[in-house]
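Student: Below you will find the structure I want to go over with you.
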Amino acid sequence: MDGSKELVSRRLPNDKYSVISQIHRLCFLFRKLNIKEIVLLDDVVFTGSVLKKIINEFNACNIKVIGIRSAISTRDSYDYFNYNLPLGLKCGYLMSKDVIDQICERDFYFGIAGSGISVLKDGEVFKSPYFKPFGKPVERSSVPTRDEIKFSLTCLKRSIELWQEIERLNKREILISELPEKIINTNENDSVVKTLKKGMNKLCIK
């Protein structure tokens with residue numbers, strides 16, 4: 001499983017070329033408007049790896065990224081971009097160096113639009129939740145190895161409660177095929193709740 005969010009669009013999560021296409025369209029528009037320099041906006045800058053790739057894509061199209069503005073940034077990324085970009089990186093909140101990770105609760109619910117990490121399998125983009133047996137909580141969300149099973153079981157339990165309520169309100173089962181994004185290692189003909197319960201049983205057996 002190749003786990004990376006790099007240059008995968010949340011708007012078109014199943015198109016691995018979507019972000020590149022968007023950048024190229026923007027560059028075409030900028031050239032028509034005689035714009036040669038731009039500033040990028042982001043909500044959170046953590047490692048900065050995605051921004052670095054986007055900057056390289058713009059540079060390859062002769063559009064120079066001269067600065068970044070974000071709501072939150074880590075100290076390492078703040079220092080890197082302020083050293084490498086003319087206008088640097090300015091943010092609303094600068095994280096302490098003691099911060100281990102930045103997380104979003106959405107990533108710990110199964111099947112929610114935009115949750116988890118985008119992964120590439122057999123040339124197709126899937127979503128991988130940040131918990132077992134569908135994802136890797138130790139690698140993806142800085143969960144200590146000793147806690148990954150307990151943590152994953154809690155995520156599974158909360159997801160089951162969520163989807164049982166959704167099914168109750170809809171008065172029917174919700175299938176994996178109905179989810180907004182494809183989930184790694186699932187059967188599209190199974191129900192969401194059945195899939196989650198199978199995942200929980202798999203972890204309990206271990």
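Chain labels follow the order of the structure tokens: the first chain is A, the next B, and so on; residue numbering restarts at 1 in every chain, and ligands are counted from 1 in their shown order.
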Determine, counting only C-alpha atoms, which protein, DNA and RNA residues have an atom within 10 Å of an atom of range 95-110 of chain A; residues of the same chain fewer than 6 positions away are not included. Present the result as number ranges by chain.
Tutor: A: 44-47, 72-76, 78, 116-117, 127-131, 134, 137, 140-143, 151-152, 154-160, 162-163, 179, 183, 192-193, 196
Student: Determine which residues of range 133-170 of chain A receive a DSSP assignment of helix (DSSP H, G or I), computed from the backbone, and state them as a PDB file with C-alpha atoms, in the first residue's frame.
Tutor:
ATOM      1  CA  PRO A 137      -2.418   4.477  13.050  1.00  0.00           C
ATOM      2  CA  VAL A 138       1.228   4.266  14.145  1.00  0.00           C
ATOM      3  CA  GLU A 139       2.559   5.650  10.856  1.00  0.00           C
ATOM      4  CA  ARG A 140      -0.306   7.976   9.976  1.00  0.00           C
ATOM      5  CA  SER A 141      -1.350   9.568  13.256  1.00  0.00           C
ATOM      6  CA  THR A 145       2.486   0.962  18.901  1.00  0.00           C
ATOM      7  CA  ARG A 146       1.314  -0.327  22.292  1.00  0.00           C
ATOM      8  CA  ASP A 147      -2.002   1.498  21.849  1.00  0.00           C
ATOM      9  CA  GLU A 148      -2.790   0.865  18.167  1.00  0.00           C
ATOM     10  CA  ILE A 149      -5.238  -2.033  18.713  1.00  0.00           C
ATOM     11  CA  LYS A 150      -7.118  -0.344  21.561  1.00  0.00           C
ATOM     12  CA  PHE A 151      -7.171   2.909  19.603  1.00  0.00           C
ATOM     13  CA  SER A 152      -8.406   1.187  16.432  1.00  0.00           C
ATOM     14  CA  LEU A 153     -11.155  -0.676  18.291  1.00  0.00           C
ATOM     15  CA  THR A 154     -12.382   2.637  19.712  1.00  0.00           C
ATOM     16  CA  CYS A 155     -12.459   4.168  16.210  1.00  0.00           C
ATOM     17  CA  LEU A 156     -14.323   1.133  14.870  1.00  0.00           C
ATOM     18  CA  LYS A 157     -16.862   1.289  17.707  1.00  0.00           C
ATOM     19  CA  ARG A 158     -17.528   5.001  17.113  1.00  0.00           C
ATOM     20  CA  SER A 159     -17.842   4.427  13.364  1.00  0.00           C
ATOM     21  CA  ILE A 160     -20.303   1.563  13.906  1.00  0.00           C
ATOM     22  CA  GLU A 161     -22.437   3.785  16.168  1.00  0.00           C
ATOM     23  CA  LEU A 162     -22.393   6.548  13.545  1.00  0.00           C
ATOM     24  CA  TRP A 163     -23.379   4.290  10.646  1.00  0.00           C
ATOM     25  CA  GLN A 164     -26.012   2.425  12.648  1.00  0.00           C
ATOM     26  CA  GLU A 165     -27.666   5.774  13.328  1.00  0.00           C
ATOM     27  CA  ILE A 166     -27.408   6.721   9.641  1.00  0.00           C
ATOM     28  CA  GLU A 167     -29.028   3.398   8.737  1.00  0.00           C
ATOM     29  CA  ARG A 168     -31.755   3.933  11.333  1.00  0.00           C
ATOM     30  CA  LEU A 169     -32.577   7.336   9.878  1.00  0.00           C
ATOM     31  CA  ASN A 170     -32.547   5.940   6.331  1.00  0.00           C
TER      32      ASN A 170
END
Student: What is the CA of Leu33 in chain A-CA of Ile66 in chain A distance in Å, reported with one decimal?
Tutor: 17.4 Å
Student: Can you work out which one of A:Ala71, A:Leu120, A:Ile55, A:Val19 has the shortest atom-to-atom distance to Lys90 in chain A, counting only C-alpha atoms?
Tutor: A:Ala71
Student: Between CA of Ser49 in chain A and CA of Tyr80 in chain A, what is the distance, to one decimal in Å?
Tutor: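 Interatomic distance, CA of Ser49 in chain A to CA of Tyr80 in chain A: 11.1 Å.
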Student: Taking only C-alpha atoms into account, which of A:Asp43, A:Phe126, A:Ile20, A:Gly135 comes nearest Tyr93 in chain A?
Tutor: A:Asp43
Student: Would you list, as a ChimeraX atom specification, the residues of chain A that end up in strand (DSSP E or B) under DSSP run on this structure's backbone?
Tutor: /A:2-3,37-45,64-73,89-94,117-121,124-128,175,183,191
Student: Excluding Pro180 in chain A and its own-chain neighbours fewer than 2 positions away, which residues fall within 10 Å of it when counting only C-alpha atoms? Please give them as a PyMOL selection string.
Tutor: chain A and resi 13+111-114+176-178+182-183
